[in-house]
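S.K.: Sharing final27.tsv here; it has TSV, C-alpha atoms and all ligand atoms.
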```tsv
chain	number	residue	atom	x	y	z
F	1	MET	CA	5.60	-1.75	19.26
F	2	GLU	CA	1.99	-1.47	20.31
F	3	LEU	CA	0.03	-0.37	17.31
F	4	PRO	CA	-3.73	-0.28	17.80
F	5	MET	CA	-5.62	-3.36	16.70
F	6	VAL	CA	-8.69	-2.07	14.90
F	7	ASP	CA	-11.67	-4.44	14.79
F	8	VAL	CA	-13.24	-3.59	11.42
F	9	SER	CA	-16.43	-5.55	12.16
F	10	LEU	CA	-17.32	-2.96	14.81
F	11	LEU	CA	-17.53	-0.25	12.13
F	12	SER	CA	-20.78	-1.70	10.83
F	13	GLN	CA	-22.39	-1.39	14.27
F	14	ASP	CA	-24.39	1.76	14.71
F	15	SER	CA	-23.35	2.40	18.24
F	16	ASN	CA	-20.85	3.61	20.71
F	17	GLU	CA	-18.53	0.91	19.57
F	18	LYS	CA	-18.21	2.44	16.14
F	19	SER	CA	-17.19	5.80	17.55
F	20	ILE	CA	-14.58	4.12	19.75
F	21	VAL	CA	-13.09	2.49	16.65
F	22	ILE	CA	-13.12	5.79	14.73
F	23	LYS	CA	-11.28	7.41	17.63
F	24	GLN	CA	-8.77	4.56	17.62
F	25	ILE	CA	-8.16	5.09	13.89
F	26	GLN	CA	-7.74	8.82	14.43
F	27	GLU	CA	-5.13	8.33	17.14
F	28	ALA	CA	-3.29	5.68	15.14
F	29	CYS	CA	-3.13	7.85	12.01
F	30	GLN	CA	-1.88	10.81	14.03
F	31	THR	CA	0.64	9.01	16.18
F	32	TRP	CA	1.94	6.20	14.01
F	33	GLY	CA	0.57	6.54	10.53
F	34	ALA	CA	-0.23	2.84	10.79
F	35	PHE	CA	-2.51	0.34	12.50
F	36	HIS	CA	-3.46	-3.32	12.46
F	37	VAL	CA	-6.88	-4.52	11.34
F	38	ILE	CA	-8.65	-7.71	12.39
F	39	ASN	CA	-12.09	-9.11	11.50
F	40	HIS	CA	-11.43	-7.30	8.24
F	41	GLY	CA	-13.55	-9.46	5.96
F	42	VAL	CA	-10.71	-11.04	3.99
F	43	SER	CA	-10.91	-14.69	4.96
F	44	GLU	CA	-7.94	-16.80	5.92
F	45	ALA	CA	-8.66	-19.10	2.95
F	46	VAL	CA	-8.61	-16.17	0.51
F	47	ILE	CA	-5.36	-14.89	2.05
F	48	GLN	CA	-3.63	-18.27	1.92
F	49	ALA	CA	-4.74	-18.85	-1.67
F	50	ALA	CA	-3.42	-15.43	-2.79
F	51	MET	CA	-0.07	-16.01	-1.09
F	52	GLU	CA	0.18	-19.46	-2.62
F	53	VAL	CA	-0.47	-18.42	-6.23
F	54	ASN	CA	2.08	-15.63	-5.94
F	55	ARG	CA	4.66	-17.97	-4.42
F	56	ASN	CA	3.99	-20.39	-7.29
F	57	PHE	CA	4.25	-17.56	-9.79
F	58	PHE	CA	7.68	-16.48	-8.53
F	59	ASP	CA	8.81	-20.14	-8.57
F	60	LEU	CA	8.14	-20.45	-12.31
F	61	PRO	CA	11.22	-20.58	-14.56
F	62	GLU	CA	12.46	-17.08	-15.44
F	63	MET	CA	11.79	-17.54	-19.15
F	64	MET	CA	8.24	-18.54	-18.51
F	65	LYS	CA	7.55	-15.55	-16.29
F	66	LYS	CA	8.92	-13.24	-18.95
F	67	GLU	CA	6.67	-14.79	-21.55
F	68	ILE	CA	3.66	-14.46	-19.32
F	69	LEU	CA	4.19	-10.81	-18.56
F	70	GLU	CA	5.25	-8.32	-21.11
F	71	LEU	CA	8.60	-7.33	-19.73
F	72	GLY	CA	9.91	-5.03	-22.40
F	73	SER	CA	7.73	-2.09	-21.52
F	74	ARG	CA	9.38	0.47	-19.30
F	75	ASP	CA	6.10	2.28	-18.91
F	76	MET	CA	5.47	2.80	-15.23
F	77	PHE	CA	1.73	2.79	-15.91
F	78	SER	CA	1.58	-0.43	-17.92
F	79	PRO	CA	-1.27	-2.50	-16.51
F	80	VAL	CA	0.99	-5.25	-15.29
F	81	LYS	CA	4.70	-5.43	-14.69
F	82	LEU	CA	7.26	-7.89	-13.42
F	83	LEU	CA	10.59	-6.60	-12.30
F	84	THR	CA	13.53	-6.88	-10.02
F	85	PHE	CA	13.45	-3.60	-8.22
F	86	GLN	CA	16.53	-2.00	-6.74
F	87	ARG	CA	16.40	1.13	-4.76
F	88	SER	CA	18.35	3.01	-2.17
F	89	ALA	CA	17.37	5.98	-0.10
F	90	ARG	CA	19.87	8.57	0.99
F	91	GLY	CA	22.19	7.06	3.56
F	92	SER	CA	20.88	3.55	3.12
F	93	ASP	CA	21.99	0.48	1.17
F	94	LEU	CA	20.82	-0.50	-2.24
F	95	LEU	CA	18.09	-3.01	-1.61
F	96	GLN	CA	16.57	-5.47	-4.01
F	97	ARG	CA	13.34	-7.41	-4.31
F	98	ASP	CA	11.30	-9.11	-7.02
F	99	LEU	CA	7.83	-7.86	-7.63
F	100	VAL	CA	4.75	-8.23	-9.78
F	101	ARG	CA	2.62	-5.13	-10.02
F	102	LEU	CA	-1.00	-5.41	-11.06
F	103	TYR	CA	-3.77	-2.91	-11.53
F	104	ALA	CA	-7.01	-4.21	-10.04
F	105	ASN	CA	-9.76	-1.58	-10.34
F	106	PRO	CA	-11.91	-1.38	-12.40
F	107	PHE	CA	-11.35	-5.12	-12.29
F	108	GLU	CA	-12.74	-5.91	-15.77
F	109	ASP	CA	-10.35	-3.43	-17.39
F	110	PHE	CA	-7.26	-5.18	-16.09
F	111	ILE	CA	-7.87	-8.88	-15.46
F	112	ASP	CA	-6.93	-9.79	-19.05
F	113	PHE	CA	-3.41	-8.49	-18.43
F	114	TRP	CA	-2.78	-10.63	-15.35
F	115	PRO	CA	-0.60	-13.76	-15.42
F	116	THR	CA	-2.19	-16.83	-16.95
F	117	GLU	CA	0.14	-19.14	-15.04
F	118	PRO	CA	-0.29	-20.60	-12.47
F	119	ALA	CA	-3.68	-21.49	-13.94
F	120	ASP	CA	-5.54	-20.42	-10.80
F	121	TYR	CA	-3.66	-17.10	-10.48
F	122	ARG	CA	-6.42	-14.85	-11.81
F	123	GLU	CA	-9.15	-16.52	-9.84
F	124	LYS	CA	-7.31	-16.50	-6.51
F	125	MET	CA	-5.70	-13.08	-6.80
F	126	GLY	CA	-9.00	-11.77	-8.16
F	127	ARG	CA	-10.81	-12.85	-5.03
F	128	TYR	CA	-8.14	-11.34	-2.80
F	129	THR	CA	-7.99	-8.01	-4.62
F	130	LYS	CA	-11.80	-7.67	-4.62
F	131	ASP	CA	-12.05	-8.41	-0.90
F	132	VAL	CA	-9.18	-6.14	0.01
F	133	ARG	CA	-10.64	-3.34	-2.13
F	134	LYS	CA	-13.91	-3.66	-0.22
F	135	LEU	CA	-11.92	-3.33	2.98
F	136	GLY	CA	-10.10	-0.30	1.56
F	137	ILE	CA	-13.42	1.41	0.85
F	138	THR	CA	-14.70	0.68	4.37
F	139	LEU	CA	-11.51	2.04	5.89
F	140	PHE	CA	-11.59	5.11	3.67
F	141	GLY	CA	-15.06	5.98	5.01
F	142	ALA	CA	-13.90	5.46	8.58
F	143	ILE	CA	-10.80	7.57	8.02
F	144	MET	CA	-12.86	10.41	6.52
F	145	GLU	CA	-15.12	10.22	9.55
F	146	SER	CA	-12.09	10.29	11.83
F	147	LEU	CA	-11.18	13.61	10.18
F	148	ASN	CA	-14.72	14.86	10.84
F	149	LEU	CA	-15.34	14.97	7.10
F	150	GLY	CA	-18.36	12.69	7.19
F	151	PRO	CA	-18.39	9.04	6.09
F	152	THR	CA	-19.33	9.77	2.47
F	153	HIS	CA	-16.77	12.49	1.83
F	154	LEU	CA	-15.28	11.89	-1.65
F	155	GLN	CA	-16.59	8.35	-1.47
F	156	GLU	CA	-17.80	8.16	-5.06
F	157	ASN	CA	-14.45	9.38	-6.32
F	158	PHE	CA	-12.63	6.88	-4.16
F	159	ASP	CA	-14.87	4.00	-5.28
F	160	LYS	CA	-13.78	4.60	-8.87
F	161	GLY	CA	-10.18	4.99	-7.82
F	162	MET	CA	-7.07	3.18	-8.83
F	163	HIS	CA	-6.15	0.02	-6.98
F	164	MET	CA	-2.66	-1.21	-7.51
F	165	VAL	CA	-1.39	-4.42	-5.96
F	166	ILE	CA	2.25	-5.34	-5.64
F	167	ALA	CA	3.28	-8.88	-4.79
F	168	ASN	CA	6.76	-8.65	-3.29
F	169	SER	CA	9.13	-11.58	-3.03
F	170	TYR	CA	12.24	-11.33	-0.88
F	171	SER	CA	14.47	-14.33	-1.56
F	172	PRO	CA	17.67	-14.88	0.40
F	173	PRO	CA	20.72	-14.07	-1.75
F	174	THR	CA	23.32	-16.72	-2.47
F	175	PRO	CA	26.20	-16.64	0.06
F	176	GLU	CA	28.62	-15.16	-2.49
F	177	SER	CA	26.25	-12.38	-3.52
F	178	SER	CA	26.76	-8.90	-2.16
F	179	ILE	CA	23.18	-7.94	-2.90
F	180	LYS	CA	21.05	-6.93	0.04
F	181	ILE	CA	17.40	-7.86	0.02
F	182	GLY	CA	14.58	-5.61	1.17
F	183	VAL	CA	12.90	-2.26	0.58
F	184	ALA	CA	14.69	1.02	1.26
F	185	PRO	CA	12.94	3.59	3.48
F	186	HIS	CA	10.02	5.26	1.73
F	187	SER	CA	6.43	6.31	2.18
F	188	ASP	CA	3.67	4.98	-0.07
F	189	HIS	CA	2.01	7.31	-2.57
F	190	GLY	CA	-1.64	6.45	-2.12
F	191	ILE	CA	-4.37	7.12	0.38
F	192	ILE	CA	-3.78	3.91	2.31
F	193	THR	CA	-1.79	0.74	1.79
F	194	ILE	CA	-3.11	-2.54	3.14
F	195	LEU	CA	-0.25	-4.94	3.68
F	196	LEU	CA	-0.27	-8.71	4.04
F	197	GLN	CA	3.04	-10.23	5.21
F	198	SER	CA	4.01	-13.90	5.14
F	199	SER	CA	6.45	-13.26	7.99
F	200	PRO	CA	7.64	-10.19	9.91
F	201	GLY	CA	10.13	-7.84	8.28
F	202	LEU	CA	8.38	-4.48	8.07
F	203	GLU	CA	9.72	-1.58	10.12
F	204	VAL	CA	8.17	1.84	10.55
F	205	LEU	CA	9.78	5.08	11.62
F	206	ASP	CA	8.52	6.16	15.01
F	207	MET	CA	7.62	9.83	14.61
F	208	ALA	CA	8.09	10.40	18.35
F	209	ASP	CA	11.73	9.33	18.65
F	210	GLY	CA	12.93	8.96	15.06
F	211	LYS	CA	13.80	5.27	15.56
F	212	TRP	CA	12.92	2.31	13.37
F	213	LYS	CA	10.49	-0.07	15.05
F	214	ALA	CA	9.61	-3.57	13.91
F	215	LEU	CA	5.98	-3.88	12.99
F	216	PRO	CA	4.85	-7.43	13.68
F	217	CYS	CA	2.07	-9.15	11.78
F	218	PRO	CA	-0.12	-10.87	14.38
F	219	GLU	CA	-1.96	-13.87	13.03
F	220	GLY	CA	-5.09	-12.97	11.09
F	221	SER	CA	-4.22	-9.28	10.94
F	222	LEU	CA	-3.38	-6.95	8.07
F	223	GLN	CA	-1.38	-3.74	8.44
F	224	VAL	CA	-2.71	-0.39	7.22
F	225	LEU	CA	-0.29	2.41	6.33
F	226	VAL	CA	-1.10	6.10	5.79
F	227	GLY	CA	0.10	7.22	2.35
F	228	ASP	CA	1.20	10.57	0.91
F	229	HIS	CA	-2.17	11.38	-0.61
F	230	LEU	CA	-3.92	11.02	2.74
F	231	GLU	CA	-1.35	13.31	4.32
F	232	LEU	CA	-2.18	15.87	1.64
F	233	LEU	CA	-5.96	15.39	1.80
F	234	SER	CA	-5.90	15.73	5.60
F	235	ASN	CA	-3.86	18.92	5.25
F	236	GLY	CA	-1.06	17.33	7.25
F	237	ILE	CA	-3.17	16.20	10.21
F	238	TYR	CA	-2.19	12.65	9.32
F	239	LYS	CA	1.36	11.96	8.17
F	240	SER	CA	2.37	9.28	5.70
F	241	VAL	CA	4.50	6.73	7.44
F	242	PHE	CA	8.11	6.00	6.51
F	243	HIS	CA	8.71	2.30	6.37
F	244	ARG	CA	11.23	-0.23	5.13
F	245	ALA	CA	11.56	-3.98	5.01
F	246	THR	CA	14.49	-6.27	5.52
F	247	LEU	CA	14.97	-9.98	5.20
F	248	SER	CA	16.28	-11.63	8.34
F	249	THR	CA	15.31	-15.22	7.62
F	250	ARG	CA	16.80	-17.82	5.31
F	251	THR	CA	13.48	-18.48	3.73
F	252	THR	CA	11.68	-16.33	1.19
F	253	ARG	CA	9.46	-13.64	2.61
F	254	MET	CA	6.40	-12.56	0.66
F	255	SER	CA	4.09	-9.61	0.98
F	256	LEU	CA	1.05	-8.32	-0.87
F	257	ALA	CA	0.81	-4.54	-0.76
F	258	SER	CA	-2.53	-3.06	-1.88
F	259	PHE	CA	-2.37	0.61	-2.72
F	260	HIS	CA	-5.73	2.38	-2.62
F	261	ASN	CA	-5.94	5.60	-4.58
F	262	PHE	CA	-8.19	8.06	-6.34
F	263	GLU	CA	-8.31	7.90	-10.13
F	264	LEU	CA	-4.89	8.40	-11.73
F	265	ASP	CA	-5.52	11.94	-12.93
F	266	GLU	CA	-7.80	13.23	-10.20
F	267	VAL	CA	-6.08	16.15	-8.52
F	268	VAL	CA	-6.44	15.80	-4.77
F	269	GLU	CA	-6.37	18.96	-2.67
F	270	PRO	CA	-6.35	19.42	1.09
F	271	ALA	CA	-9.99	19.22	2.25
F	272	THR	CA	-11.31	22.77	2.51
F	273	GLU	CA	-13.13	21.72	5.70
F	274	LEU	CA	-9.71	21.23	7.26
F	275	THR	CA	-8.41	24.63	6.38
F	276	ALA	CA	-9.25	27.88	8.14
F	277	GLU	CA	-7.85	31.36	8.46
F	278	ASP	CA	-5.52	30.28	11.24
F	279	CYS	CA	-4.88	26.94	9.55
F	280	PRO	CA	-4.17	27.58	5.89
F	281	LYS	CA	-3.81	25.04	3.13
F	282	ARG	CA	-0.42	23.39	3.64
F	283	TYR	CA	0.03	21.56	0.31
F	284	GLU	CA	-0.46	22.16	-3.38
F	285	GLY	CA	-2.77	19.59	-4.96
F	286	CYS	CA	-1.48	16.70	-7.03
F	287	SER	CA	-2.72	13.54	-8.73
F	288	THR	CA	-1.86	9.90	-8.14
F	289	ARG	CA	-0.07	9.95	-11.48
F	290	ASP	CA	2.15	12.84	-10.28
F	291	LEU	CA	3.05	10.91	-7.13
F	292	ILE	CA	3.90	7.70	-8.98
F	293	LYS	CA	5.89	9.49	-11.68
F	294	ASP	CA	7.97	11.14	-9.01
F	295	ILE	CA	9.06	7.77	-7.57
F	296	TYR	CA	10.74	6.92	-10.87
F	297	SER	CA	11.96	10.42	-11.69
F	298	GLY	CA	15.27	10.42	-9.84
F	299	GLU	CA	14.26	13.68	-8.11
F	300	VAL	CA	15.77	14.17	-4.68
F	301	GLY	CA	13.26	13.83	-1.87
F	302	ARG	CA	9.54	13.17	-2.04
F	303	LEU	CA	6.98	15.08	-4.08
F	304	ILE	CA	4.76	15.41	-1.01
F	305	ASP	CA	7.51	17.43	0.70
F	306	ARG	CA	8.06	19.63	-2.33
F	307	LEU	CA	4.34	20.39	-2.46
F	308	LYS	CA	4.41	21.92	1.01
F	309	ILE	CA	3.43	25.58	1.06
J	1	LIG	C1	5.84	-1.63	-0.51
J	1	LIG	C2	6.35	-1.99	0.85
J	1	LIG	C3	6.84	-3.65	2.51
J	1	LIG	C4	6.86	-5.12	2.69
J	1	LIG	O1	5.66	-2.54	-1.34
J	1	LIG	O2	5.62	-0.43	-0.73
J	1	LIG	O3	6.62	-1.11	1.60
J	1	LIG	O4	6.81	-5.55	3.83
J	1	LIG	N1	6.47	-3.27	1.19
J	1	LIG	O5	6.92	-5.84	1.69
J	2	NI	NI	5.73	0.73	0.96
```
Would you write the structure of this file as structure tokens?
M.R.:
Amino acid sequence: MELPMVDVSLLSQDSNEKSIVIKQIQEACQTWGAFHVINHGVSEAVIQAAMEVNRNFFDLPEMMKKEILELGSRDMFSPVKLLTFQRSARGSDLLQRDLVRLYANPFEDFIDFWPTEPADYREKMGRYTKDVRKLGITLFGAIMESLNLGPTHLQENFDKGMHMVIANSYSPPTPESSIKIGVAPHSDHGIITILLQSSPGLEVLDMADGKWKALPCPEGSLQVLVGDHLELLSNGIYKSVFHRATLSTRTTRMSLASFHNFELDEVVEPATELTAEDCPKRYEGCSTRDLIKDIYSGEVGRLIDRLKI
């Protein structure tokens, strides 16, 4: 599958090149709801260090992990959470993965909740989340420009927004286990997700033919996915991408998914600039909190679809 490879470094050039990249982003968001980014400003060393501390975290004895993170809380908005997550979508298997979910913006509000073991966890994940947030802000500006909304549209609101990072670990099940490992089909709730994969495994639904296509992770690249809130903000011009992940190797697969959002309770509406008499508002507004709550609510279908007018 030939997703566009967006060279982020060209966005800081005030030239033709920038507009070519914006056009590339526009096409990718319309056609696929996803694209690759390279020269994205998150260095290989920072990436490797973040992967390593998460791998080491998951390798800790179960008891120790539970002590490190407060497990008891079932609050979906607790600042940090460790869980084995099982989920199925209609017509698909129950799939399981282990995950640590961290909040990462404003950084100072949340760092004290992060794991203290491995000892370098906070430092190395801190660097990664800060760099990937910077990338998220750059991409947000470019995406707003690609919608002809201007590069500073809602920028201040987005800068203050919620950044949630999930470290996923997909470990091969024991031969006698009937558990299947992976993530069931879903779309992400936020504006964009920036995904780092240790090995391939992600598949996206091709909107053109309704088939699942493997989305590779070329060396040095990160994958960007359009989320539900961007679909809503763009009044449906961009569509959030359905994706799933499976484990096809006998070694553990890891991924770091960075979800970039507005503040939890900010109600996002379709941009008025993208509505007109012949193109009315297509969605009711909703907040990030509404979208996240819905994931855990047991409701059939996605909130974004129920908000359609
Ligand atoms: C997610 C997700 C895919 C992957 O965490 O929302 O879709 O490859 N992860 O881990
Ligand atoms: Ni996802």
S.K.: Counting all atoms listed in the file, figure out which residue out of F:Asn148, F:Thr249, F:Ser43, F:Ser78 gets nearest to F:Lys130.
M.R.: F:Ser43
S.K.: Please measure the separation of atom CA of F:Thr31 and atom CA of F:Asp206, giving the value in Å to one decimal.
M.R.: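 Computing it gives 8.5 Å between the two atoms.
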S.K.: Atom CA of F:Glu273 and atom CA of F:Met207 are how many Å apart?
M.R.: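 These atoms are spaced 25.5 Å apart.
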S.K.: Neighbours of F:Ser255 within 10 Å (all atoms listed in the file; same-chain residues fewer than 5 positions away dropped), as a ChimeraX atom specification?
M.R.: /F:51,54-55,99,166-170,195-202
S.K.: Store the residues picked out above, limited to C-alpha atoms, as a PDB file, keeping the file's coordinate frame.
M.R.:
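Result file is result_13.pdb:
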```
ATOM      1  CA  MET F  51      -0.070 -16.010  -1.090  1.00  0.00           C
ATOM      2  CA  ASN F  54       2.080 -15.630  -5.940  1.00  0.00           C
ATOM      3  CA  ARG F  55       4.660 -17.970  -4.420  1.00  0.00           C
ATOM      4  CA  LEU F  99       7.830  -7.860  -7.630  1.00  0.00           C
ATOM      5  CA  ILE F 166       2.250  -5.340  -5.640  1.00  0.00           C
ATOM      6  CA  ALA F 167       3.280  -8.880  -4.790  1.00  0.00           C
ATOM      7  CA  ASN F 168       6.760  -8.650  -3.290  1.00  0.00           C
ATOM      8  CA  SER F 169       9.130 -11.580  -3.030  1.00  0.00           C
ATOM      9  CA  TYR F 170      12.240 -11.330  -0.880  1.00  0.00           C
ATOM     10  CA  LEU F 195      -0.250  -4.940   3.680  1.00  0.00           C
ATOM     11  CA  LEU F 196      -0.270  -8.710   4.040  1.00  0.00           C
ATOM     12  CA  GLN F 197       3.040 -10.230   5.210  1.00  0.00           C
ATOM     13  CA  SER F 198       4.010 -13.900   5.140  1.00  0.00           C
ATOM     14  CA  SER F 199       6.450 -13.260   7.990  1.00  0.00           C
ATOM     15  CA  PRO F 200       7.640 -10.190   9.910  1.00  0.00           C
ATOM     16  CA  GLY F 201      10.130  -7.840   8.280  1.00  0.00           C
ATOM     17  CA  LEU F 202       8.380  -4.480   8.070  1.00  0.00           C
TER      18      LEU F 202
END
```
S.K.: Quick one: distance from atom CA of F:Phe158 to atom CA of F:Phe259 in Å, one decimal?
M.R.: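 Answer for the atom CA of F:Phe158 to atom CA of F:Phe259 separation: 12.1 Å.
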S.K.: May I have a table of the residues of chain F lying at most 10 Å from ligand NI 2 (chain J), giving each one's closest pair of atoms and their distance in Å to one decimal, counting only C-alpha atoms and all ligand atoms, ordered by chain and ascending residue number, as CSV?
M.R.:
```
residue,atom,partner,partner_atom,distance
F:Ile166,CA,J:NI2,NI,9.6
F:Val183,CA,J:NI2,NI,7.8
F:Ala184,CA,J:NI2,NI,9.0
F:Pro185,CA,J:NI2,NI,8.2
F:His186,CA,J:NI2,NI,6.3
F:Ser187,CA,J:NI2,NI,5.8
F:Asp188,CA,J:NI2,NI,4.8
F:His189,CA,J:NI2,NI,8.3
F:Gly190,CA,J:NI2,NI,9.8
F:Thr193,CA,J:NI2,NI,7.6
F:Ile194,CA,J:NI2,NI,9.7
F:Leu195,CA,J:NI2,NI,8.7
F:Leu202,CA,J:NI2,NI,9.2
F:Val204,CA,J:NI2,NI,10.0
F:Leu225,CA,J:NI2,NI,8.2
F:Val226,CA,J:NI2,NI,9.9
F:Gly227,CA,J:NI2,NI,8.7
F:Val241,CA,J:NI2,NI,8.9
F:Phe242,CA,J:NI2,NI,8.0
F:His243,CA,J:NI2,NI,6.4
F:Arg244,CA,J:NI2,NI,7.0
F:Ala245,CA,J:NI2,NI,8.5
F:Ala257,CA,J:NI2,NI,7.4
F:Ser258,CA,J:NI2,NI,9.5
F:Phe259,CA,J:NI2,NI,8.9
```
S.K.: List as CSV every residue of stretch 249-303 of chain F that is in contact with stretch 138-142 of chain F, defined as an atom at most 12 Å from one of its atoms (using only C-alpha atoms), together with the nearest atom pair and the distance in Å rounded to one decimal, sorted by chain and then rising number.
M.R.:
```
residue,atom,partner,partner_atom,distance
F:His260,CA,F:Phe140,CA,9.0
F:Asn261,CA,F:Phe140,CA,10.0
F:Phe262,CA,F:Phe140,CA,11.0
```
S.K.: In terms of the shortest atom-to-atom distance over all atoms listed in the file, which of F:Ile143, F:Leu233, F:Val132, F:Leu154 is closest to F:His40?
M.R.: F:Val132
S.K.: Determine, counting all atoms listed in the file, which protein, DNA and RNA residues have an atom within 10 Å of an atom of F:Trp114; residues of the same chain fewer than 4 positions away are not included. Present the result as a ChimeraX atom specification.
M.R.: /F:68-69,79-81,100-104,110,121-122,125-126
S.K.: Find, counting all atoms listed in the file, the residue in F:Glu203, F:Glu269, F:Asp305, F:Glu231 that gets nearest to ligand LIG 1 (chain J).
M.R.: F:Glu203
S.K.: So that I can check the surroundings of F:Val42, please list as a list in words every protein, DNA and RNA residue that reaches within 7 Å of it, counting all atoms listed in the file and ignoring chain neighbours fewer than 4 positions away.
M.R.: Val46, Ile47, Asp131 and Val132 of chain F
S.K.: Quick one: what's the axis-aligned box for stretch 103-121 of chain F, all listed atoms, 3 Å on every side, centre and edges in Å to one decimal, as lines of an AutoDock Vina configuration file?
M.R.:
```
center_x = -6.3
center_y = -11.4
center_z = -14.5
size_x = 18.9
size_y = 26.1
size_z = 15.0
```
S.K.: Using only C-alpha atoms and all ligand atoms, which residue out of F:Lys124, F:Arg97, F:Lys180, F:Lys66 lies closest to ligand LIG 1 (chain J)?
M.R.: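 Among the listed residues, the smallest separation from ligand LIG 1 (chain J) belongs to F:Arg97.
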S.K.: Which of these residues is nearest to F:Gly182, using all atoms listed in the file: F:Lys239, F:Lys308, F:Arg253, F:His36?
M.R.: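 Nearest to F:Gly182: F:Arg253.
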S.K.: Working from the structure I just supplied, which lacks atoms in stretch 93-105 of chain F, can you model N, CA and C atoms there and output them as a PDB file, in the frame of the given file?
M.R.:
```
ATOM      1  N   ASP F  93      21.463   1.397   2.194  1.00  0.00           N
ATOM      2  CA  ASP F  93      21.990   0.480   1.170  1.00  0.00           C
ATOM      3  C   ASP F  93      21.047   0.361  -0.012  1.00  0.00           C
ATOM      4  N   LEU F  94      21.635  -0.107  -1.094  1.00  0.00           N
ATOM      5  CA  LEU F  94      20.820  -0.500  -2.240  1.00  0.00           C
ATOM      6  C   LEU F  94      20.137  -1.809  -1.889  1.00  0.00           C
ATOM      7  N   LEU F  95      18.840  -1.824  -2.004  1.00  0.00           N
ATOM      8  CA  LEU F  95      18.090  -3.010  -1.610  1.00  0.00           C
ATOM      9  C   LEU F  95      17.301  -3.538  -2.788  1.00  0.00           C
ATOM     10  N   GLN F  96      17.183  -4.837  -2.833  1.00  0.00           N
ATOM     11  CA  GLN F  96      16.570  -5.470  -4.010  1.00  0.00           C
ATOM     12  C   GLN F  96      15.424  -6.411  -3.608  1.00  0.00           C
ATOM     13  N   ARG F  97      14.434  -6.452  -4.469  1.00  0.00           N
ATOM     14  CA  ARG F  97      13.340  -7.410  -4.310  1.00  0.00           C
ATOM     15  C   ARG F  97      12.770  -7.726  -5.688  1.00  0.00           C
ATOM     16  N   ASP F  98      12.031  -8.811  -5.786  1.00  0.00           N
ATOM     17  CA  ASP F  98      11.300  -9.110  -7.020  1.00  0.00           C
ATOM     18  C   ASP F  98       9.857  -8.740  -6.789  1.00  0.00           C
ATOM     19  N   LEU F  99       9.228  -8.211  -7.817  1.00  0.00           N
ATOM     20  CA  LEU F  99       7.830  -7.860  -7.630  1.00  0.00           C
ATOM     21  C   LEU F  99       7.012  -8.019  -8.909  1.00  0.00           C
ATOM     22  N   VAL F 100       5.731  -8.296  -8.696  1.00  0.00           N
ATOM     23  CA  VAL F 100       4.750  -8.230  -9.780  1.00  0.00           C
ATOM     24  C   VAL F 100       3.791  -7.132  -9.392  1.00  0.00           C
ATOM     25  N   ARG F 101       3.550  -6.213 -10.310  1.00  0.00           N
ATOM     26  CA  ARG F 101       2.620  -5.130 -10.020  1.00  0.00           C
ATOM     27  C   ARG F 101       1.405  -5.255 -10.923  1.00  0.00           C
ATOM     28  N   LEU F 102       0.250  -5.254 -10.307  1.00  0.00           N
ATOM     29  CA  LEU F 102      -1.000  -5.410 -11.060  1.00  0.00           C
ATOM     30  C   LEU F 102      -1.913  -4.221 -10.783  1.00  0.00           C
ATOM     31  N   TYR F 103      -2.670  -3.838 -11.786  1.00  0.00           N
ATOM     32  CA  TYR F 103      -3.770  -2.910 -11.530  1.00  0.00           C
ATOM     33  C   TYR F 103      -5.026  -3.758 -11.329  1.00  0.00           C
ATOM     34  N   ALA F 104      -5.901  -3.334 -10.426  1.00  0.00           N
ATOM     35  CA  ALA F 104      -7.010  -4.210 -10.040  1.00  0.00           C
ATOM     36  C   ALA F 104      -8.374  -3.527  -9.966  1.00  0.00           C
ATOM     37  N   ASN F 105      -8.453  -2.254 -10.328  1.00  0.00           N
ATOM     38  CA  ASN F 105      -9.760  -1.580 -10.340  1.00  0.00           C
ATOM     39  C   ASN F 105      -9.780  -0.505 -11.428  1.00  0.00           C
TER      40      ASN F 105
END
```
